[in-house]
file query-v9.tsv (TSV, C-alpha atoms and all ligand atoms)
chain	number	residue	atom	x	y	z
A	1	MET	CA	-29.35	147.90	164.51
A	2	GLU	CA	-26.47	147.57	162.06
A	3	TYR	CA	-25.23	144.40	160.43
A	4	THR	CA	-22.65	143.73	157.72
A	5	ASN	CA	-24.79	144.59	154.72
A	6	TYR	CA	-28.02	145.94	156.18
A	7	LYS	CA	-29.60	147.97	158.97
A	8	ILE	CA	-32.86	147.27	160.79
A	9	HIS	CA	-35.05	150.26	161.59
A	10	HIS	CA	-37.68	149.94	164.31
A	11	LEU	CA	-40.77	152.03	163.53
A	12	LYS	CA	-43.49	152.59	166.07
A	13	GLY	CA	-46.66	151.78	164.15
A	14	TYR	CA	-50.27	152.66	164.90
A	15	ILE	CA	-50.80	149.64	167.18
A	16	GLN	CA	-47.69	147.48	166.63
A	17	SER	CA	-44.02	147.79	165.76
A	18	LEU	CA	-42.80	147.66	162.17
A	19	TYR	CA	-39.29	146.72	161.10
A	20	LEU	CA	-37.75	148.02	157.92
A	21	VAL	CA	-34.63	146.19	156.78
A	22	GLU	CA	-32.43	148.54	154.77
A	23	TYR	CA	-29.87	147.30	152.24
A	24	PRO	CA	-27.83	149.61	150.00
A	25	ASP	CA	-30.04	148.69	147.02
A	26	LYS	CA	-33.36	147.54	148.48
A	27	LEU	CA	-35.75	147.59	151.45
A	28	LEU	CA	-37.78	144.84	153.13
A	29	LEU	CA	-40.81	145.53	155.36
A	30	LEU	CA	-41.75	143.32	158.33
A	31	ASP	CA	-44.78	143.22	158.58
A	32	GLY	CA	-47.97	144.46	156.85
A	33	GLY	CA	-48.90	147.10	159.47
A	34	SER	CA	-52.24	148.76	160.25
A	35	ARG	CA	-54.04	150.74	157.61
A	36	GLY	CA	-53.18	153.89	159.58
A	37	ASP	CA	-49.46	153.16	159.03
A	38	VAL	CA	-49.39	153.74	155.27
A	39	LYS	CA	-48.30	157.41	155.51
A	40	ARG	CA	-45.88	156.64	158.34
A	41	ILE	CA	-44.09	154.01	156.25
A	42	GLU	CA	-44.01	156.21	153.14
A	43	ASN	CA	-42.66	159.19	155.10
A	44	PHE	CA	-40.01	157.13	156.84
A	45	ILE	CA	-38.70	155.82	153.53
A	46	THR	CA	-38.78	159.08	151.59
A	47	GLU	CA	-38.01	161.62	154.34
A	48	THR	CA	-36.04	159.88	157.09
A	49	LEU	CA	-34.09	157.49	154.86
A	50	ASN	CA	-34.22	159.76	151.83
A	51	ARG	CA	-34.92	156.86	149.51
A	52	LYS	CA	-37.45	156.06	146.83
A	53	ILE	CA	-40.61	154.07	147.67
A	54	SER	CA	-39.70	151.85	144.72
A	55	ASP	CA	-36.68	150.66	146.77
A	56	LEU	CA	-39.19	148.74	148.90
A	57	LYS	CA	-39.10	145.37	147.18
A	58	LEU	CA	-41.19	143.18	149.49
A	59	ILE	CA	-43.73	143.32	152.32
A	60	VAL	CA	-44.04	140.19	154.45
A	61	VAL	CA	-47.44	139.69	156.09
A	62	THR	CA	-47.13	137.30	159.06
A	63	HIS	CA	-50.90	136.78	159.46
A	64	LEU	CA	-54.18	138.35	158.45
A	65	HIS	CA	-55.00	140.40	161.57
A	66	PRO	CA	-55.71	144.14	161.10
A	67	ASP	CA	-52.41	145.29	162.65
A	68	HIS	CA	-50.35	142.99	160.41
A	69	ALA	CA	-52.17	143.09	157.08
A	70	GLY	CA	-53.85	146.51	157.05
A	71	ALA	CA	-51.28	148.72	155.32
A	72	ALA	CA	-49.83	146.13	152.93
A	73	PRO	CA	-52.64	146.05	150.32
A	74	HIS	CA	-52.68	149.87	150.17
A	75	LEU	CA	-48.92	150.06	149.67
A	76	ARG	CA	-49.15	147.40	146.97
A	77	LYS	CA	-51.95	149.23	145.19
A	78	LYS	CA	-50.22	152.63	145.34
A	79	HIS	CA	-46.64	151.58	144.65
A	80	ASN	CA	-46.84	148.11	143.17
A	81	ILE	CA	-44.93	146.44	146.02
A	82	PRO	CA	-45.40	142.66	146.19
A	83	ILE	CA	-46.69	140.90	149.32
A	84	ALA	CA	-45.44	137.58	150.68
A	85	GLY	CA	-47.42	135.41	153.09
A	86	HIS	CA	-48.43	131.89	154.06
A	87	PRO	CA	-50.39	129.89	151.43
A	88	GLU	CA	-53.36	129.65	153.88
A	89	LEU	CA	-53.37	133.36	154.66
A	90	ASP	CA	-56.59	134.08	152.80
A	91	TYR	CA	-58.56	131.18	154.27
A	92	TRP	CA	-58.68	132.95	157.62
A	93	TYR	CA	-61.64	135.23	156.95
A	94	ASN	CA	-63.37	132.97	154.44
A	95	GLY	CA	-67.13	132.46	154.35
A	96	PHE	CA	-69.93	133.92	156.45
A	97	TRP	CA	-68.25	133.48	159.86
A	98	GLY	CA	-65.04	134.79	158.36
A	99	ILE	CA	-66.81	138.03	157.42
A	100	ILE	CA	-68.19	138.36	160.96
A	101	GLN	CA	-64.78	137.53	162.45
A	102	HIS	CA	-63.08	140.11	160.23
A	103	PHE	CA	-65.56	142.74	161.42
A	104	ILE	CA	-65.02	141.84	165.10
A	105	ASP	CA	-61.21	141.73	164.77
A	106	THR	CA	-61.13	145.11	163.04
A	107	LEU	CA	-63.39	146.56	165.74
A	108	LEU	CA	-61.16	145.11	168.51
A	109	ALA	CA	-58.03	146.56	166.88
A	110	TRP	CA	-59.71	149.92	166.56
A	111	TYR	CA	-60.73	149.72	170.25
A	112	VAL	CA	-57.14	148.90	171.29
A	113	ALA	CA	-55.86	151.83	169.25
A	114	THR	CA	-58.34	154.35	170.67
A	115	LYS	CA	-57.75	153.05	174.22
A	116	SER	CA	-54.03	153.68	173.90
A	117	ARG	CA	-55.00	157.21	172.78
A	118	ASN	CA	-53.59	156.96	169.32
A	119	ASN	CA	-55.10	159.54	166.99
A	120	TYR	CA	-58.09	158.25	165.12
A	121	LYS	CA	-57.09	156.45	161.94
A	122	ARG	CA	-59.06	154.30	159.58
A	123	MET	CA	-58.71	150.66	160.43
A	124	TRP	CA	-60.86	148.88	157.85
A	125	TYR	CA	-58.92	146.71	155.37
A	126	GLN	CA	-59.59	143.94	152.91
A	127	ARG	CA	-60.06	140.43	154.31
A	128	SER	CA	-58.38	138.70	151.40
A	129	LEU	CA	-54.83	139.67	150.38
A	130	LYS	CA	-53.94	137.35	147.51
A	131	PRO	CA	-50.21	137.31	148.32
A	132	ASP	CA	-47.89	137.59	145.32
A	133	PHE	CA	-45.54	135.07	146.91
A	134	GLU	CA	-46.82	132.14	148.95
A	135	LEU	CA	-44.12	130.99	151.33
A	136	CYS	CA	-43.90	127.77	153.34
A	137	ASP	CA	-41.64	126.62	156.15
A	138	GLY	CA	-37.93	126.83	155.31
A	139	GLN	CA	-38.38	128.88	152.14
A	140	HIS	CA	-36.29	132.00	151.68
A	141	LEU	CA	-37.76	135.40	150.89
A	142	PRO	CA	-37.58	136.39	147.23
A	143	GLU	CA	-34.84	139.04	146.72
A	144	PHE	CA	-33.86	138.66	150.40
A	145	TYR	CA	-32.31	135.25	150.47
A	146	ASP	CA	-30.71	135.72	153.92
A	147	TRP	CA	-34.20	135.73	155.51
A	148	GLU	CA	-36.20	132.52	155.78
A	149	VAL	CA	-39.73	131.61	156.75
A	150	ILE	CA	-40.39	129.62	159.92
A	151	CYS	CA	-44.03	128.55	160.21
A	152	THR	CA	-45.20	129.34	163.75
A	153	PRO	CA	-49.00	128.87	163.86
A	154	GLY	CA	-51.09	128.82	167.04
A	155	HIS	CA	-52.23	132.43	167.33
A	156	THR	CA	-53.89	131.82	163.96
A	157	THR	CA	-53.65	128.87	161.58
A	158	HIS	CA	-51.13	130.56	159.29
A	159	ASP	CA	-48.59	132.61	161.32
A	160	ILE	CA	-45.06	132.87	160.02
A	161	SER	CA	-41.88	134.20	161.63
A	162	ILE	CA	-38.96	135.56	159.61
A	163	TYR	CA	-35.50	134.36	160.58
A	164	ASN	CA	-31.97	135.40	159.66
A	165	ARG	CA	-29.92	132.31	160.43
A	166	LYS	CA	-26.53	133.94	159.98
A	167	ASP	CA	-27.17	136.91	162.27
A	168	LYS	CA	-29.53	135.00	164.59
A	169	ILE	CA	-32.38	137.50	164.39
A	170	ILE	CA	-36.03	136.55	164.32
A	171	TYR	CA	-39.16	138.63	163.73
A	172	ILE	CA	-41.97	136.72	165.44
A	173	GLY	CA	-45.15	138.63	164.54
A	174	ASP	CA	-47.72	137.60	167.18
A	175	LEU	CA	-46.10	134.36	168.34
A	176	ALA	CA	-45.59	136.11	171.68
A	177	ILE	CA	-45.98	139.60	173.12
A	178	LYS	CA	-44.13	141.69	175.68
A	179	LEU	CA	-46.45	143.71	177.85
A	180	GLY	CA	-45.59	145.56	181.07
A	181	GLY	CA	-42.09	144.03	180.97
A	182	LYS	CA	-43.50	140.49	180.89
A	183	PHE	CA	-43.47	137.96	178.08
A	184	ASN	CA	-46.82	136.45	177.32
A	185	LEU	CA	-49.03	134.66	174.83
A	186	PRO	CA	-50.82	136.75	172.23
A	187	PHE	CA	-54.59	136.93	172.29
A	188	PRO	CA	-56.21	134.84	171.03
A	189	VAL	CA	-54.39	131.53	170.88
A	190	ALA	CA	-56.66	129.82	168.37
A	191	LEU	CA	-54.83	126.49	168.56
A	192	PRO	CA	-53.05	125.99	171.94
A	193	ASP	CA	-51.49	122.58	171.05
A	194	VAL	CA	-50.14	123.95	167.81
A	195	MET	CA	-48.87	127.04	169.65
A	196	GLU	CA	-46.88	124.84	172.02
A	197	LYS	CA	-45.13	123.16	169.09
A	198	SER	CA	-44.34	126.51	167.47
A	199	LEU	CA	-42.74	127.82	170.67
A	200	GLU	CA	-40.65	124.66	170.93
A	201	LYS	CA	-39.68	125.03	167.30
A	202	VAL	CA	-38.23	128.53	167.77
A	203	MET	CA	-36.43	127.37	170.91
A	204	ASN	CA	-34.56	124.92	168.67
A	205	LEU	CA	-33.13	127.79	166.61
A	206	GLU	CA	-30.21	129.96	167.65
A	207	ILE	CA	-31.41	133.47	168.43
A	208	ASP	CA	-29.62	136.60	169.64
A	209	LYS	CA	-32.32	139.15	168.94
A	210	ILE	CA	-36.10	138.80	168.96
A	211	LEU	CA	-38.12	141.43	167.14
A	212	PHE	CA	-41.61	141.62	168.64
A	213	ALA	CA	-44.60	143.15	166.88
A	214	HIS	CA	-45.88	144.04	170.33
A	215	GLY	CA	-42.92	144.69	172.61
A	216	GLY	CA	-40.03	145.95	170.46
A	217	VAL	CA	-36.52	144.51	170.26
A	218	VAL	CA	-35.53	141.95	172.89
A	219	ASP	CA	-31.95	140.83	173.61
A	220	GLU	CA	-32.74	138.60	176.57
A	221	ASP	CA	-32.05	134.87	176.56
A	222	TYR	CA	-34.53	133.49	174.04
A	223	ILE	CA	-34.95	130.12	175.79
A	224	GLU	CA	-36.03	131.93	178.95
A	225	VAL	CA	-38.33	134.23	176.98
A	226	PHE	CA	-40.14	131.45	175.11
A	227	THR	CA	-40.22	129.15	178.16
A	228	ALA	CA	-42.01	131.92	180.07
A	229	VAL	CA	-44.48	132.33	177.21
A	230	LYS	CA	-45.08	128.59	176.95
A	231	SER	CA	-45.74	128.23	180.68
A	232	ASN	CA	-48.82	130.48	180.26
A	233	LEU	CA	-50.44	127.89	177.98
A	234	LYS	CA	-51.41	125.93	181.11
A	235	ASN	CA	-53.75	128.72	182.18
A	236	TYR	CA	-54.99	129.77	178.78
A	237	PRO	CA	-57.24	131.68	178.43
A	238	PRO	CA	-56.69	133.82	181.52
A	239	LYS	CA	-59.91	134.38	183.47
A	240	LYS	CA	-60.40	138.00	182.45
A	241	LEU	CA	-60.23	137.07	178.76
A	242	ASN	CA	-62.34	133.93	178.95
A	243	LYS	CA	-65.53	135.62	177.71
A	244	MET	CA	-63.66	137.37	174.92
A	245	LYS	CA	-62.58	134.02	173.56
A	246	TRP	CA	-66.00	133.48	172.05
A	247	PHE	CA	-65.55	136.51	169.82
A	248	THR	CA	-62.24	135.37	168.45
A	249	ASN	CA	-62.99	131.75	167.66
A	250	LEU	CA	-65.69	132.05	165.03
A	251	ASN	CA	-63.57	131.11	162.03
A	252	GLY	CA	-64.54	127.88	160.34
A	253	VAL	CA	-60.89	127.44	159.51
A	254	ILE	CA	-60.00	126.98	163.21
A	255	LYS	CA	-62.57	124.20	163.57
A	256	LYS	CA	-61.16	122.48	160.51
A	257	HIS	CA	-57.63	122.58	161.95
A	258	LYS	CA	-58.80	121.15	165.28
A	259	LYS	CA	-60.18	118.02	163.59
B	301	ZN	ZN	-52.51	138.82	165.54
B	302	ZN	ZN	-50.68	141.94	166.48

call {"tool": "encode", "arguments": {"input": "query-v9.tsv", "output": "structure tokens", "more": "lines below"}}
Ligand SMILES: [Zn+2]
Ligand SMILES: [Zn+2]
result
Amino acid sequence: MEYTNYKIHHLKGYIQSLYLVEYPDKLLLLDGGSRGDVKRIENFITETLNRKISDLKLIVVTHLHPDHAGAAPHLRKKHNIPIAGHPELDYWYNGFWGIIQHFIDTLLAWYVATKSRNNYKRMWYQRSLKPDFELCDGQHLPEFYDWEVICTPGHTTHDISIYNRKDKIIYIGDLAIKLGGKFNLPFPVALPDVMEKSLEKVMNLEIDKILFAHGGVVDEDYIEVFTAVKSNLKNYPPKKLNKMKWFTNLNGVIKKHKK
């Protein structure tokens, strides 16, 4: 996708999609990827784009799940690339139940990856990221002022989406997924009421292109897309996932938000 001063590259990651925004003088990565994506990202930058890793100036982590925060800390450690995320990002896996939840989530992600017959890659990652930039609703990304943060919690307590107001593009992380041609809620929805508000919030923006972490690039009418997603909240969780819900709702931080 080409725009006036940048291009967006869609990379197929280990479990999810990654989007690399390329400017003449800098690169921005959406989002933090799976741990197994580190090499993929490095190779894409140095071999496909023929650029230096040091051109990558920022990694945005939309939430702390293994397919969105797994590669980021490794890239930061190796190449000194700063990470931006929500101020509550690191609360997610806090405390005893947080440790258990982190273990279960990593195991689930690994299961999803092996089920879709991806080659075996290490999945384990740190459960606390300590973002270099903490970004709240309406703030612009450092060095990438044309992209702003829209807080869209519901899937977790701290999800963010990244929006380009001028070009009407939004990267939504796990606010919604596209699976088998259908638009749906992510799993889990930790806070259904909050999720409803987040979906309404993005419907109030103007959007031409939705970048999904799970589902690729979508040009369809965004009101129809998010209305379809929202309508599934009535039947959440779907019957076949009802038992799974127990495994994904251990975090003390969810209980605190529900109060
Ligand atoms: Zn997620
Ligand atoms: Zn995801």

call {"tool": "residues_near_ligand", "arguments": {"input": "query-v9.tsv", "ligand": "ligand ZN 302 (chain B)", "cutoff": "12 Å", "atoms": "only C-alpha atoms and all ligand atoms", "output": "ChimeraX atom specification"}}
result
/A:13-18,31-34,61-70,105-106,108-109,112-113,155-156,159,172-178,185-189,212-215

call {"tool": "atom_distance", "arguments": {"input": "query-v9.tsv", "atom1": "atom CA of A:Leu20", "atom2": "atom CA of A:Lys115"}}
result
26.3 Å

call {"tool": "closest_residue", "arguments": {"input": "query-v9.tsv", "among": "A:Leu11, A:Ala190, A:Ile81, A:Val38", "to": "ligand ZN 301 (chain B)", "atoms": "only C-alpha atoms and all ligand atoms"}}
result
A:Ala190

call {"tool": "closest_residue", "arguments": {"input": "query-v9.tsv", "among": "A:Ile41, A:Ala71, A:Leu30, A:Leu107", "to": "A:Ala84", "atoms": "all atoms listed in the file"}}
result
A:Leu30

call {"tool": "atom_distance", "arguments": {"input": "query-v9.tsv", "atom1": "atom CA of A:Leu29", "atom2": "atom CA of A:Ile53"}}
result
11.5 Å

call {"tool": "residues_near_point", "arguments": {"input": "query-v9.tsv", "point": "(-43.9, 129.8, 172.5)", "cutoff": "10 Å", "atoms": "all atoms listed in the file", "output": "PDB file with C-alpha atoms, in the coordinates of the input"}}
result
ATOM      1  CA  THR A 152     -45.200 129.340 163.750  1.00  0.00           C
ATOM      2  CA  GLY A 154     -51.090 128.820 167.040  1.00  0.00           C
ATOM      3  CA  LEU A 175     -46.100 134.360 168.340  1.00  0.00           C
ATOM      4  CA  ALA A 176     -45.590 136.110 171.680  1.00  0.00           C
ATOM      5  CA  PHE A 183     -43.470 137.960 178.080  1.00  0.00           C
ATOM      6  CA  ASN A 184     -46.820 136.450 177.320  1.00  0.00           C
ATOM      7  CA  LEU A 185     -49.030 134.660 174.830  1.00  0.00           C
ATOM      8  CA  PRO A 186     -50.820 136.750 172.230  1.00  0.00           C
ATOM      9  CA  PRO A 192     -53.050 125.990 171.940  1.00  0.00           C
ATOM     10  CA  VAL A 194     -50.140 123.950 167.810  1.00  0.00           C
ATOM     11  CA  MET A 195     -48.870 127.040 169.650  1.00  0.00           C
ATOM     12  CA  GLU A 196     -46.880 124.840 172.020  1.00  0.00           C
ATOM     13  CA  LYS A 197     -45.130 123.160 169.090  1.00  0.00           C
ATOM     14  CA  SER A 198     -44.340 126.510 167.470  1.00  0.00           C
ATOM     15  CA  LEU A 199     -42.740 127.820 170.670  1.00  0.00           C
ATOM     16  CA  GLU A 200     -40.650 124.660 170.930  1.00  0.00           C
ATOM     17  CA  LYS A 201     -39.680 125.030 167.300  1.00  0.00           C
ATOM     18  CA  VAL A 202     -38.230 128.530 167.770  1.00  0.00           C
ATOM     19  CA  MET A 203     -36.430 127.370 170.910  1.00  0.00           C
ATOM     20  CA  ILE A 223     -34.950 130.120 175.790  1.00  0.00           C
ATOM     21  CA  VAL A 225     -38.330 134.230 176.980  1.00  0.00           C
ATOM     22  CA  PHE A 226     -40.140 131.450 175.110  1.00  0.00           C
ATOM     23  CA  THR A 227     -40.220 129.150 178.160  1.00  0.00           C
ATOM     24  CA  ALA A 228     -42.010 131.920 180.070  1.00  0.00           C
ATOM     25  CA  VAL A 229     -44.480 132.330 177.210  1.00  0.00           C
ATOM     26  CA  LYS A 230     -45.080 128.590 176.950  1.00  0.00           C
ATOM     27  CA  SER A 231     -45.740 128.230 180.680  1.00  0.00           C
ATOM     28  CA  ASN A 232     -48.820 130.480 180.260  1.00  0.00           C
ATOM     29  CA  LEU A 233     -50.440 127.890 177.980  1.00  0.00           C
TER      30      LEU A 233
END

call {"tool": "closest_residue", "arguments": {"input": "query-v9.tsv", "among": "A:Asp167, A:Lys256, A:Pro87, A:Asp221", "to": "A:Glu2", "atoms": "all atoms listed in the file"}}
result
A:Asp167

call {"tool": "closest_residue", "arguments": {"input": "query-v9.tsv", "among": "A:Val217, A:Ile160, A:Met1, A:Leu75", "to": "ligand ZN 301 (chain B)", "atoms": "all atoms listed in the file"}}
result
A:Ile160

call {"tool": "atom_distance", "arguments": {"input": "query-v9.tsv", "atom1": "atom CA of A:Ile59", "atom2": "atom CA of A:Leu135"}}
result
12.4 Å

call {"tool": "closest_residue", "arguments": {"input": "query-v9.tsv", "among": "A:Glu88, A:Asp193, A:Asp208, A:Asp137", "to": "A:Lys166", "atoms": "all atoms listed in the file"}}
result
A:Asp208

call {"tool": "residues_around", "arguments": {"input": "query-v9.tsv", "residues": "A:Ile99", "least_positions_apart": "2", "cutoff": "12 Å", "atoms": "all atoms listed in the file", "output": "PyMOL selection string"}}
result
chain A and resi 90-97+101-106+125-128+250-252

call {"tool": "closest_residue", "arguments": {"input": "query-v9.tsv", "among": "A:Ile210, A:His158, A:Tyr236, A:Lys182", "to": "A:Val253", "atoms": "only C-alpha atoms"}}
result
A:His158

call {"tool": "decode", "arguments": {"input": "query-v9.tsv", "residues": "stretch 148-181 of chain A", "atoms": "N, CA and C atoms", "output": "short mmCIF file (atom, residue, chain, number, x, y, z; two decimals), in the first residue's frame"}}
result
data_model
loop_
_atom_site.label_atom_id
_atom_site.label_comp_id
_atom_site.auth_asym_id
_atom_site.auth_seq_id
_atom_site.Cartn_x
_atom_site.Cartn_y
_atom_site.Cartn_z
N GLU A 148 -1.86 8.10 15.49
CA GLU A 148 -2.27 8.38 16.86
C GLU A 148 -2.87 7.14 17.53
N VAL A 149 -2.86 7.19 18.85
CA VAL A 149 -3.33 6.05 19.63
C VAL A 149 -4.82 6.22 19.92
N ILE A 150 -5.59 5.15 19.66
CA ILE A 150 -7.00 5.11 20.05
C ILE A 150 -7.10 3.95 21.03
N CYS A 151 -7.50 4.23 22.26
CA CYS A 151 -7.62 3.14 23.24
C CYS A 151 -8.87 2.33 22.93
N THR A 152 -8.68 1.03 22.74
CA THR A 152 -9.80 0.15 22.36
C THR A 152 -9.81 -1.12 23.22
N PRO A 153 -9.93 -0.98 24.54
CA PRO A 153 -9.90 -2.16 25.41
C PRO A 153 -11.16 -3.02 25.27
N GLY A 154 -11.13 -4.19 25.88
CA GLY A 154 -12.26 -5.12 25.82
C GLY A 154 -11.72 -6.54 25.69
N HIS A 155 -10.85 -6.74 24.71
CA HIS A 155 -10.15 -8.02 24.56
C HIS A 155 -9.22 -8.21 25.77
N THR A 156 -8.50 -7.16 26.12
CA THR A 156 -7.78 -7.08 27.39
C THR A 156 -8.17 -5.73 28.01
N THR A 157 -7.48 -5.37 29.07
CA THR A 157 -7.78 -4.09 29.73
C THR A 157 -7.03 -2.93 29.08
N HIS A 158 -6.07 -3.24 28.18
CA HIS A 158 -5.13 -2.20 27.77
C HIS A 158 -4.90 -2.15 26.25
N ASP A 159 -5.83 -2.65 25.44
CA ASP A 159 -5.62 -2.67 23.98
C ASP A 159 -5.58 -1.26 23.42
N ILE A 160 -4.70 -1.08 22.46
CA ILE A 160 -4.71 0.18 21.69
C ILE A 160 -4.80 -0.14 20.20
N SER A 161 -5.39 0.79 19.45
CA SER A 161 -5.37 0.74 17.99
C SER A 161 -4.55 1.93 17.53
N ILE A 162 -4.01 1.86 16.31
CA ILE A 162 -3.16 2.93 15.81
C ILE A 162 -3.80 3.49 14.54
N TYR A 163 -4.06 4.79 14.56
CA TYR A 163 -4.92 5.40 13.53
C TYR A 163 -4.20 6.54 12.80
N ASN A 164 -4.31 6.52 11.49
CA ASN A 164 -3.82 7.62 10.67
C ASN A 164 -5.04 8.41 10.18
N ARG A 165 -5.26 9.54 10.81
CA ARG A 165 -6.48 10.31 10.57
C ARG A 165 -6.54 10.84 9.13
N LYS A 166 -5.40 11.27 8.65
CA LYS A 166 -5.37 11.88 7.30
C LYS A 166 -5.69 10.82 6.23
N ASP A 167 -5.06 9.68 6.31
CA ASP A 167 -5.26 8.66 5.28
C ASP A 167 -6.34 7.64 5.65
N LYS A 168 -6.95 7.81 6.83
CA LYS A 168 -8.08 6.97 7.24
C LYS A 168 -7.74 5.48 7.28
N ILE A 169 -6.59 5.20 7.90
CA ILE A 169 -6.16 3.81 8.05
C ILE A 169 -6.10 3.51 9.55
N ILE A 170 -6.55 2.32 9.92
CA ILE A 170 -6.43 1.95 11.33
C ILE A 170 -5.89 0.52 11.46
N TYR A 171 -4.91 0.36 12.35
CA TYR A 171 -4.44 -0.98 12.73
C TYR A 171 -5.12 -1.31 14.05
N ILE A 172 -5.89 -2.41 14.08
CA ILE A 172 -6.76 -2.64 15.25
C ILE A 172 -6.26 -3.71 16.22
N GLY A 173 -5.09 -4.29 15.99
CA GLY A 173 -4.63 -5.35 16.90
C GLY A 173 -5.69 -6.44 16.99
N ASP A 174 -6.12 -6.78 18.20
CA ASP A 174 -7.14 -7.82 18.39
C ASP A 174 -8.50 -7.26 18.78
N LEU A 175 -8.84 -6.08 18.30
CA LEU A 175 -10.19 -5.54 18.55
C LEU A 175 -11.23 -6.41 17.85
N ALA A 176 -10.86 -6.96 16.71
CA ALA A 176 -11.73 -7.86 15.95
C ALA A 176 -10.85 -8.77 15.13
N ILE A 177 -11.41 -9.87 14.65
CA ILE A 177 -10.65 -10.77 13.78
C ILE A 177 -11.46 -11.07 12.52
N LYS A 178 -10.78 -11.51 11.48
CA LYS A 178 -11.48 -11.99 10.30
C LYS A 178 -11.06 -13.45 10.11
N LEU A 179 -12.05 -14.32 10.16
CA LEU A 179 -11.74 -15.75 10.10
C LEU A 179 -12.76 -16.41 9.17
N GLY A 180 -12.28 -17.16 8.19
CA GLY A 180 -13.17 -17.82 7.24
C GLY A 180 -14.07 -16.82 6.53
N GLY A 181 -13.54 -15.63 6.23
CA GLY A 181 -14.30 -14.61 5.51
C GLY A 181 -15.28 -13.84 6.39
#
